[in-house]
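The file upload_20.txt comes next; it holds compact mmCIF, C-alpha atoms.
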```
# COMPACT_ATOMS: atom_id res chain seq x y z
CA MET A 1 0.00 0.00 0.00
CA LYS A 2 1.55 3.27 -0.99
CA LEU A 3 1.12 6.15 1.37
CA LYS A 4 0.05 9.45 -0.08
CA SER A 5 1.70 12.58 1.31
CA LYS A 6 -1.67 13.68 2.71
CA VAL A 7 -1.91 10.51 4.77
CA ILE A 8 1.68 10.88 5.98
CA PHE A 9 0.88 14.45 7.04
CA LYS A 10 -2.14 13.23 9.03
CA PHE A 11 -0.02 10.66 10.84
CA ILE A 12 2.59 13.32 11.69
CA VAL A 13 -0.15 15.51 13.21
CA ILE A 14 -1.41 12.50 15.20
CA GLY A 15 2.13 11.75 16.39
CA ILE A 16 2.73 15.32 17.58
CA ILE A 17 -0.55 15.45 19.54
CA ILE A 18 0.17 12.08 21.20
CA LEU A 19 3.69 13.24 22.07
CA ILE A 20 2.48 16.52 23.63
CA THR A 21 -0.15 14.67 25.67
CA LEU A 22 2.37 12.12 26.93
CA VAL A 23 4.88 14.83 27.89
CA ALA A 24 2.14 16.77 29.71
CA LYS A 25 1.10 13.59 31.49
CA SER A 26 4.66 12.82 32.60
CA MET A 27 4.81 16.31 34.10
CA GLY A 28 1.79 15.42 36.20
CA ASN A 29 -0.98 17.07 34.20
CA VAL A 30 -4.33 15.55 35.27
CA SER A 31 -6.21 16.50 32.08
CA ALA A 32 -3.54 14.84 29.94
CA ALA A 33 -3.89 11.62 31.90
CA LEU A 34 -7.65 11.77 31.45
CA ILE A 35 -7.26 12.43 27.72
CA GLU A 36 -5.06 9.38 27.44
CA VAL A 37 -7.60 7.18 29.25
CA HIS A 38 -10.41 8.38 26.95
CA PHE A 39 -8.34 7.96 23.83
CA ARG A 40 -7.33 4.42 24.79
CA SER A 41 -10.95 3.33 25.27
CA PHE A 42 -12.15 5.11 22.09
CA PHE A 43 -9.33 3.63 20.05
CA LEU A 44 -9.87 0.12 21.41
CA GLU A 45 -13.57 0.32 20.59
CA MET A 46 -12.83 1.54 17.08
CA ILE A 47 -10.04 -0.89 16.25
CA LEU A 48 -12.04 -3.94 17.39
CA PHE A 49 -15.33 -2.87 15.93
CA LEU A 50 -14.72 -1.16 12.61
CA PRO A 51 -12.52 -3.68 10.73
CA CYS A 52 -15.18 -6.34 11.49
CA MET A 53 -17.92 -4.09 10.08
CA PHE A 54 -15.91 -3.39 6.95
CA ILE A 55 -14.98 -7.04 6.39
CA LEU A 56 -18.64 -8.05 6.74
CA VAL A 57 -19.60 -5.28 4.32
CA GLY A 58 -16.92 -6.48 1.87
CA LEU A 59 -18.21 -10.08 2.03
CA ILE A 60 -21.88 -9.04 1.75
CA ASP A 61 -20.94 -6.98 -1.29
CA LEU A 62 -19.65 -10.05 -3.11
CA TRP A 63 -22.17 -12.65 -1.93
CA LEU A 64 -25.48 -10.78 -1.86
CA PRO A 65 -26.74 -9.82 -5.33
CA ARG A 66 -28.46 -6.48 -5.78
CA SER A 67 -31.45 -8.18 -7.42
CA LEU A 68 -32.16 -9.97 -4.13
CA VAL A 69 -31.95 -6.89 -1.89
CA GLU A 70 -33.44 -4.11 -4.01
CA PRO A 71 -37.10 -5.27 -3.97
CA HIS A 72 -37.06 -5.24 -0.15
CA ILE A 73 -35.49 -1.85 0.56
CA GLY A 74 -35.54 -0.04 -2.80
CA LYS A 75 -37.74 2.74 -4.15
CA ASP A 76 -40.86 0.59 -4.40
CA SER A 77 -40.48 -1.20 -1.08
CA GLY A 78 -42.85 1.11 0.80
CA ILE A 79 -43.43 0.93 4.53
CA LYS A 80 -42.32 -2.70 4.72
CA GLY A 81 -38.86 -1.74 3.47
CA SER A 82 -38.52 0.96 6.10
CA PHE A 83 -39.62 -1.54 8.73
CA TRP A 84 -36.84 -3.97 7.72
CA ILE A 85 -34.29 -1.17 7.74
CA ILE A 86 -35.28 -0.03 11.24
CA PHE A 87 -35.17 -3.63 12.46
CA LEU A 88 -31.66 -4.07 11.02
CA ALA A 89 -30.44 -0.85 12.65
CA MET A 90 -31.92 -1.76 16.05
CA LEU A 91 -29.94 -4.99 16.18
CA GLN A 92 -26.63 -3.19 15.82
CA ALA A 93 -24.33 -1.50 18.30
CA GLY A 94 -21.48 0.96 18.32
CA PRO A 95 -20.83 4.56 17.35
CA LEU A 96 -22.56 6.24 14.39
CA TYR A 97 -19.47 6.15 12.18
CA GLY A 98 -19.86 2.36 12.13
CA ALA A 99 -23.19 2.82 10.35
CA PHE A 100 -21.68 4.69 7.39
CA PRO A 101 -20.08 1.66 5.66
CA VAL A 102 -23.34 -0.28 6.13
CA ALA A 103 -25.25 2.63 4.58
CA ALA A 104 -22.80 2.53 1.65
CA ILE A 105 -23.49 -1.16 1.02
CA LEU A 106 -27.27 -0.69 1.40
CA TRP A 107 -27.05 2.04 -1.23
CA LYS A 108 -24.99 -0.12 -3.57
CA LYS A 109 -27.56 -2.89 -3.26
CA GLY A 110 -30.36 -0.57 -4.33
CA SER A 111 -31.77 1.05 -1.17
CA SER A 112 -33.84 4.19 -1.61
CA ILE A 113 -32.50 7.52 -0.32
CA ARG A 114 -35.27 7.57 2.29
CA ASN A 115 -34.29 4.18 3.69
CA ILE A 116 -30.62 5.16 3.89
CA PHE A 117 -31.50 8.03 6.21
CA ILE A 118 -34.11 6.03 8.10
CA TYR A 119 -31.30 3.57 8.72
CA LEU A 120 -29.00 6.32 10.09
CA GLY A 121 -31.85 7.72 12.21
CA ALA A 122 -32.75 4.34 13.68
CA PHE A 123 -29.10 3.47 14.22
CA SER A 124 -28.45 6.66 16.15
CA THR A 125 -31.57 6.57 18.33
CA LEU A 126 -32.98 3.00 18.58
CA LYS A 127 -30.08 0.53 18.94
CA ILE A 128 -31.28 -2.09 21.42
CA PRO A 129 -27.95 -2.45 23.32
CA MET A 130 -27.97 1.32 23.82
CA LEU A 131 -31.61 1.36 24.92
CA THR A 132 -30.99 -1.18 27.68
CA PHE A 133 -28.12 0.96 28.90
CA GLU A 134 -30.19 4.13 28.72
CA THR A 135 -33.03 2.47 30.66
CA SER A 136 -30.74 1.41 33.49
CA PHE A 137 -29.46 4.96 33.96
CA LEU A 138 -32.38 7.21 33.08
CA GLY A 139 -35.38 4.94 33.69
CA TRP A 140 -37.81 3.24 31.31
CA LYS A 141 -40.17 6.25 31.16
CA PHE A 142 -37.43 8.48 29.77
CA THR A 143 -36.24 5.86 27.28
CA LEU A 144 -39.72 4.88 26.11
CA LEU A 145 -40.84 8.46 25.61
CA ARG A 146 -37.61 9.39 23.82
CA THR A 147 -37.85 6.46 21.39
CA VAL A 148 -41.57 7.03 20.72
CA ILE A 149 -40.95 10.70 19.87
CA SER A 150 -37.68 10.02 17.98
CA LEU A 151 -39.26 7.53 15.55
CA PRO A 152 -41.59 9.95 13.69
CA VAL A 153 -38.95 12.71 13.88
CA PHE A 154 -36.20 10.75 12.10
CA ILE A 155 -38.69 9.35 9.57
CA LEU A 156 -39.74 12.92 8.79
CA ILE A 157 -36.06 13.91 8.48
CA ALA A 158 -35.50 11.02 6.06
CA PHE A 159 -38.50 12.04 3.91
CA THR A 160 -37.25 15.64 3.84
CA LEU A 161 -33.75 14.57 2.86
CA GLU A 162 -35.11 12.33 0.10
CA PHE A 163 -37.28 15.16 -1.19
CA ILE A 164 -34.28 17.50 -1.40
CA LEU A 165 -31.60 15.05 -2.51
CA LYS A 166 -33.49 13.12 -5.20
CA LYS A 167 -33.14 16.14 -7.48
CA THR A 168 -29.36 16.12 -7.02
CA ASP A 169 -26.73 13.56 -7.98
CA PHE A 170 -26.73 12.13 -4.46
CA SER A 171 -24.89 8.87 -3.88
CA VAL A 172 -23.29 7.09 -0.96
CA LYS A 173 -19.69 6.55 -1.94
CA GLU A 174 -17.66 3.50 -1.21
CA ILE A 175 -14.38 4.54 0.34
CA LYS A 176 -11.52 3.72 -1.97
CA LEU A 177 -7.83 4.23 -1.55
CA MET B 1 -18.71 -6.63 20.69
CA VAL B 2 -17.78 -10.29 21.22
CA PHE B 3 -20.82 -11.16 19.13
CA LEU B 4 -19.53 -9.04 16.25
CA LEU B 5 -16.09 -10.66 16.40
CA ILE B 6 -17.63 -14.15 16.38
CA LEU B 7 -20.03 -13.22 13.58
CA THR B 8 -17.15 -11.89 11.46
CA ALA B 9 -15.01 -14.98 12.10
CA ILE B 10 -17.87 -17.35 11.19
CA SER B 11 -18.73 -15.33 8.07
CA ILE B 12 -15.14 -15.45 6.86
CA LEU B 13 -14.96 -19.19 7.56
CA VAL B 14 -18.24 -20.06 5.82
CA SER B 15 -17.38 -17.81 2.88
CA PHE B 16 -13.94 -19.44 2.68
CA ILE B 17 -15.42 -22.95 2.53
CA PHE B 18 -17.62 -22.00 -0.41
CA ASP B 19 -15.26 -19.78 -2.36
CA ARG B 20 -11.67 -18.97 -1.44
CA ASP B 21 -11.18 -16.38 -4.10
CA LYS B 22 -14.34 -14.46 -3.29
CA THR B 23 -13.48 -14.47 0.41
CA TYR B 24 -10.02 -13.10 -0.26
CA LYS B 25 -11.47 -10.33 -2.45
CA GLY B 26 -14.20 -9.44 0.07
CA VAL B 27 -11.86 -9.28 3.07
CA THR B 28 -9.23 -7.23 1.21
CA LYS B 29 -11.91 -4.87 -0.01
CA GLY B 30 -13.19 -4.40 3.54
CA ILE B 31 -9.73 -3.75 4.94
CA LYS B 32 -8.95 -1.29 2.15
CA MET B 33 -12.15 0.64 2.91
CA PHE B 34 -11.23 0.66 6.60
CA TRP B 35 -7.74 1.95 5.81
CA GLY B 36 -9.34 4.69 3.71
CA ILE B 37 -10.96 6.33 6.77
CA PHE B 38 -8.51 5.17 9.46
CA PRO B 39 -6.26 8.31 9.66
CA ASP B 40 -9.29 10.62 9.81
CA LEU B 41 -10.91 8.50 12.47
CA VAL B 42 -7.82 8.54 14.67
CA ILE B 43 -7.75 12.35 14.45
CA ILE B 44 -11.46 12.48 15.32
CA LEU B 45 -10.94 10.22 18.33
CA ILE B 46 -8.05 12.43 19.48
CA VAL B 47 -10.20 15.56 19.20
CA ALA B 48 -13.02 13.82 21.07
CA SER B 49 -10.65 12.72 23.87
CA LEU B 50 -9.15 16.22 24.08
CA LEU B 51 -12.61 17.81 24.45
CA LEU B 52 -13.70 15.24 27.01
CA GLY B 53 -10.44 15.49 28.95
CA LEU B 54 -10.20 19.28 29.01
CA ILE B 55 -13.85 19.91 29.93
CA PRO B 56 -14.59 18.15 33.22
CA GLU B 57 -18.06 16.81 34.07
CA ASN B 58 -18.55 19.39 36.79
CA THR B 59 -18.11 22.22 34.31
CA ILE B 60 -20.75 20.69 32.04
CA ALA B 61 -23.09 20.24 35.01
CA HIS B 62 -22.47 23.86 36.03
CA TYR B 63 -23.44 25.24 32.62
CA LEU B 64 -26.44 22.95 32.15
CA GLY B 65 -27.77 23.67 35.63
CA GLN B 66 -28.12 27.40 35.06
CA ASP B 67 -31.37 29.14 35.96
CA SER B 68 -32.17 30.42 32.50
CA SER B 69 -33.40 27.23 30.85
CA LEU B 70 -33.26 28.64 27.31
CA TRP B 71 -29.56 29.38 27.70
CA ALA B 72 -28.98 25.93 29.20
CA ILE B 73 -30.83 24.25 26.31
CA ILE B 74 -28.68 26.10 23.78
CA ILE B 75 -25.50 25.02 25.58
CA ALA B 76 -26.77 21.44 25.98
CA SER B 77 -27.51 21.22 22.26
CA LEU B 78 -24.09 22.62 21.34
CA ILE B 79 -22.19 20.28 23.66
CA GLY B 80 -24.28 17.33 22.45
CA SER B 81 -23.64 18.18 18.81
CA MET B 82 -19.91 18.64 19.19
CA ALA B 83 -19.03 15.81 21.52
CA LEU B 84 -18.44 12.23 20.53
CA ILE B 85 -19.25 10.54 23.82
CA PRO B 86 -19.95 6.80 23.86
CA GLY B 87 -23.05 5.58 25.71
CA PHE B 88 -21.10 4.10 28.60
CA ILE B 89 -19.94 7.62 29.52
CA ALA B 90 -22.93 9.66 28.29
CA PHE B 91 -25.73 7.89 30.19
CA PRO B 92 -23.97 7.84 33.57
CA LEU B 93 -23.15 11.52 32.99
CA ALA B 94 -26.81 12.23 32.18
CA ALA B 95 -27.91 10.37 35.33
CA PHE B 96 -25.39 12.43 37.31
CA LEU B 97 -26.80 15.64 35.80
CA LYS B 98 -30.35 14.50 36.65
CA GLU B 99 -29.32 13.99 40.27
CA ALA B 100 -27.73 17.45 40.20
CA GLY B 101 -31.16 18.85 39.34
CA VAL B 102 -30.81 19.49 35.60
CA SER B 103 -34.27 19.54 34.00
CA ILE B 104 -35.62 16.80 31.70
CA ASN B 105 -35.77 18.81 28.51
CA ILE B 106 -32.16 19.92 28.89
CA LEU B 107 -31.10 16.32 29.47
CA ALA B 108 -33.16 15.08 26.52
CA VAL B 109 -31.72 17.74 24.20
CA PHE B 110 -28.20 16.81 25.33
CA ILE B 111 -28.81 13.06 24.80
CA THR B 112 -30.57 13.37 21.43
CA THR B 113 -28.09 15.83 19.91
CA LEU B 114 -25.34 13.54 21.13
CA MET B 115 -26.98 10.62 19.33
CA MET B 116 -28.09 12.30 16.11
CA VAL B 117 -25.68 15.17 15.38
CA GLY B 118 -21.96 14.69 14.81
CA ILE B 119 -19.89 17.80 14.18
CA VAL B 120 -16.59 16.12 15.05
CA THR B 121 -17.33 13.17 12.73
CA PHE B 122 -18.39 15.51 9.92
CA PRO B 123 -15.22 14.89 7.81
CA VAL B 124 -15.79 11.11 7.83
CA GLU B 125 -19.52 11.37 7.16
CA MET B 126 -18.72 13.66 4.24
CA LYS B 127 -16.51 11.02 2.65
CA PHE B 128 -19.52 8.73 2.37
CA PHE B 129 -22.44 11.08 1.72
CA GLY B 130 -20.84 14.21 0.28
CA PHE B 131 -20.84 17.71 1.79
CA LYS B 132 -24.41 18.73 1.00
CA ALA B 133 -26.17 15.63 2.33
CA THR B 134 -23.99 15.58 5.46
CA LEU B 135 -24.70 19.23 6.20
CA LEU B 136 -28.45 18.76 5.63
CA ARG B 137 -28.63 15.62 7.75
CA ASN B 138 -26.84 17.29 10.66
CA VAL B 139 -28.86 20.51 10.49
CA LEU B 140 -32.19 18.65 10.26
CA SER B 141 -31.13 16.26 13.03
CA PHE B 142 -30.19 19.23 15.20
CA ILE B 143 -33.67 20.74 14.75
CA GLY B 144 -35.23 17.31 15.27
CA ALA B 145 -33.26 16.78 18.47
CA LEU B 146 -34.45 20.15 19.82
CA ILE B 147 -38.07 19.21 19.07
CA ILE B 148 -37.65 15.82 20.78
CA GLY B 149 -36.08 17.42 23.83
CA LEU B 150 -38.73 20.11 24.19
CA LEU B 151 -41.59 17.63 23.74
CA MET B 152 -40.10 15.41 26.43
CA GLY B 153 -39.89 18.33 28.80
CA VAL B 154 -43.62 18.97 28.26
CA LEU B 155 -44.70 15.32 28.53
CA LEU B 156 -42.48 14.02 31.33
```

Written as structure tokens, how would this file's structure read?
Amino acid sequence: MKLKSKVIFKFIVIGIIILITLVAKSMGNVSAALIEVHFRSFFLEMILFLPCMFILVGLIDLWLPRSLVEPHIGKDSGIKGSFWIIFLAMLQAGPLYGAFPVAAILWKKGSSIRNIFIYLGAFSTLKIPMLTFETSFLGWKFTLLRTVISLPVFILIAFTLEFILKKTDFSVKEIKL
Amino acid sequence: MVFLLILTAISILVSFIFDRDKTYKGVTKGIKMFWGIFPDLVIILIVASLLLGLIPENTIAHYLGQDSSLWAIIIASLIGSMALIPGFIAFPLAAFLKEAGVSINILAVFITTLMMVGIVTFPVEMKFFGFKATLLRNVLSFIGALIIGLLMGVLL
């Protein structure tokens, strides 16, 4: 894999920030120690979670033909398609950036614009692992009310986005090197 | 998390049994896509850790607990939009704020903007959806999150 100069520059920036934080920490800076703890947990979550998502997406891309997926979540799939999409999103876990590669593969397999954004909306607000966590800290009333209000709101957002973006050359890009 | 690792391992194995070549192609493709956003993601995680490390929980609680609820809602929505806080930190923090007497609509606005709006992850989102769609999604989600938060304050 050849490294572009832009990528090298990014890694240099990363290196400098890490170095400064470590120096500050060694001088007894409490914030720096806290930053390091946060970064470690964020990085661990990302490095375990994201390659798996991308590998699954890569395999799905090759094994699952578009003709099989498109009728279920494409333009003519109606409310049933949105239901499947919400169900898929609810079963997942992890930060929102993990949903982007999945959205890219859904798009490639023929999903409608609306369902792409319903997917992102459901992923960000209705993931079941997150809901259980939310319930234990904020109570079931809070969680239930929040999900019940969120559902129509993100569906409305998805309809609005589809209305605006269908006139443009919108596409979800696959990340390539 | 463990489930995802097992699922990935099984998928690779099953795929490998049926078609070696396809498996190789699929896995390489996935890893290449991952590598494509990896440097940006590391920078984003650094920014998120810096924000979280430099702004202690007590400061957040102080600003959200202010008397003027409109001001507090604005600050809650801005913090929620900017921060990239995973659930295992965000919900305990929200429970802590609730104990400290922060009102429900402020909490709900903070939680929903945190979930739906991502200013720090904007560069990565843009790589997938383009600038226009990313901007629109975040702006609409911001408005949506405010509506959700205010409704919750009325109903709860």

Legend entry - Pick from B:Thr8, B:Thr113, B:Thr121, B:Ser15 nearest to Ser81 of chain B, counting only C-alpha atoms: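 For Ser81 of chain B, the nearest of the given residues is B:Thr113.
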
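Taking atom CA of Phe123 of chain A as the reference point, atom CA of Ala89 of chain A is found at 4.8 Å.
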
Please provide as an mmCIF file with C-alpha atoms, in the coordinates of the input all residues within 12 Å of Thr168 of chain A, with the sequence filter that same-chain residues fewer than 2 positions apart are discarded (counting only C-alpha atoms).
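Ended up saving to out.cif:
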```cif
data_model
loop_
_atom_site.group_PDB
_atom_site.id
_atom_site.type_symbol
_atom_site.label_atom_id
_atom_site.label_comp_id
_atom_site.auth_asym_id
_atom_site.auth_seq_id
_atom_site.Cartn_x
_atom_site.Cartn_y
_atom_site.Cartn_z
ATOM 1 C CA ILE A 113 -32.500 7.520 -0.320
ATOM 2 C CA LEU A 161 -33.750 14.570 2.860
ATOM 3 C CA GLU A 162 -35.110 12.330 0.100
ATOM 4 C CA PHE A 163 -37.280 15.160 -1.190
ATOM 5 C CA ILE A 164 -34.280 17.500 -1.400
ATOM 6 C CA LEU A 165 -31.600 15.050 -2.510
ATOM 7 C CA LYS A 166 -33.490 13.120 -5.200
ATOM 8 C CA PHE A 170 -26.730 12.130 -4.460
ATOM 9 C CA SER A 171 -24.890 8.870 -3.880
ATOM 10 C CA GLY B 130 -20.840 14.210 0.280
ATOM 11 C CA LYS B 132 -24.410 18.730 1.000
ATOM 12 C CA ALA B 133 -26.170 15.630 2.330
#
```

Inset, instruction - Quick one: everything within 12 Å of Phe83 of chain A, counting all atoms listed in the file, minus sequence neighbours fewer than 5 positions away in the same chain. Send it as a list in words. - result: His72, Ile73, Ser77, Gly78, Leu88, Ala89, Met90, Arg114, Asn115, Ile118, Tyr119, Ala122, Leu151 and Ile155 of chain A

Inset, instruction - Grab the atom CA of Val57 of chain A to atom CA of Pro101 of chain A distance for me, in Å with one decimal place. - result: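 Computing it gives 7.1 Å between the two atoms.
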
Segment 27-52 of chain B rebuilt with N, CA and C atoms, output as a short mmCIF file (atom, residue, chain, number, x, y, z; two decimals), keeping the file's coordinate frame:
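As a result, part_32.cif now contains:
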```cif
data_model
loop_
_atom_site.label_atom_id
_atom_site.label_comp_id
_atom_site.auth_asym_id
_atom_site.auth_seq_id
_atom_site.Cartn_x
_atom_site.Cartn_y
_atom_site.Cartn_z
N VAL B 27 -12.60 -9.72 1.87
CA VAL B 27 -11.86 -9.28 3.07
C VAL B 27 -10.89 -8.15 2.72
N THR B 28 -10.17 -8.30 1.60
CA THR B 28 -9.23 -7.23 1.21
C THR B 28 -9.98 -5.94 0.95
N LYS B 29 -11.12 -6.06 0.29
CA LYS B 29 -11.91 -4.87 -0.01
C LYS B 29 -12.31 -4.15 1.28
N GLY B 30 -12.79 -4.96 2.25
CA GLY B 30 -13.19 -4.40 3.54
C GLY B 30 -12.05 -3.69 4.23
N ILE B 31 -10.89 -4.34 4.25
CA ILE B 31 -9.73 -3.75 4.94
C ILE B 31 -9.26 -2.48 4.23
N LYS B 32 -9.33 -2.50 2.89
CA LYS B 32 -8.95 -1.29 2.15
C LYS B 32 -9.87 -0.13 2.48
N MET B 33 -11.19 -0.42 2.56
CA MET B 33 -12.15 0.64 2.91
C MET B 33 -11.86 1.18 4.31
N PHE B 34 -11.55 0.26 5.22
CA PHE B 34 -11.23 0.66 6.60
C PHE B 34 -10.01 1.57 6.61
N TRP B 35 -8.97 1.17 5.88
CA TRP B 35 -7.74 1.95 5.81
C TRP B 35 -8.00 3.34 5.24
N GLY B 36 -9.00 3.42 4.35
CA GLY B 36 -9.34 4.69 3.71
C GLY B 36 -9.82 5.74 4.70
N ILE B 37 -10.47 5.33 5.79
CA ILE B 37 -10.96 6.33 6.77
C ILE B 37 -10.17 6.29 8.07
N PHE B 38 -9.23 5.34 8.19
CA PHE B 38 -8.51 5.17 9.46
C PHE B 38 -7.79 6.43 9.97
N PRO B 39 -6.97 7.12 9.14
CA PRO B 39 -6.26 8.31 9.66
C PRO B 39 -7.23 9.39 10.15
N ASP B 40 -8.31 9.62 9.39
CA ASP B 40 -9.29 10.62 9.81
C ASP B 40 -9.95 10.24 11.13
N LEU B 41 -10.26 8.96 11.25
CA LEU B 41 -10.91 8.50 12.47
C LEU B 41 -10.02 8.68 13.69
N VAL B 42 -8.73 8.39 13.54
CA VAL B 42 -7.82 8.54 14.67
C VAL B 42 -7.78 10.01 15.10
N ILE B 43 -7.74 10.92 14.12
CA ILE B 43 -7.75 12.35 14.45
C ILE B 43 -9.04 12.72 15.18
N ILE B 44 -10.17 12.20 14.68
CA ILE B 44 -11.46 12.48 15.32
C ILE B 44 -11.47 11.99 16.76
N LEU B 45 -10.96 10.78 16.98
CA LEU B 45 -10.94 10.22 18.33
C LEU B 45 -10.04 11.05 19.25
N ILE B 46 -8.94 11.56 18.69
CA ILE B 46 -8.05 12.43 19.48
C ILE B 46 -8.78 13.71 19.87
N VAL B 47 -9.45 14.32 18.89
CA VAL B 47 -10.20 15.56 19.20
C VAL B 47 -11.26 15.29 20.26
N ALA B 48 -11.98 14.16 20.10
CA ALA B 48 -13.02 13.82 21.07
C ALA B 48 -12.43 13.63 22.47
N SER B 49 -11.27 12.93 22.55
CA SER B 49 -10.65 12.72 23.87
C SER B 49 -10.16 14.02 24.46
N LEU B 50 -9.62 14.91 23.60
CA LEU B 50 -9.15 16.22 24.08
C LEU B 50 -10.30 17.00 24.70
N LEU B 51 -11.44 17.06 23.95
CA LEU B 51 -12.61 17.81 24.45
C LEU B 51 -13.09 17.25 25.78
N LEU B 52 -13.18 15.91 25.82
CA LEU B 52 -13.70 15.24 27.01
C LEU B 52 -12.74 15.37 28.19
#
```
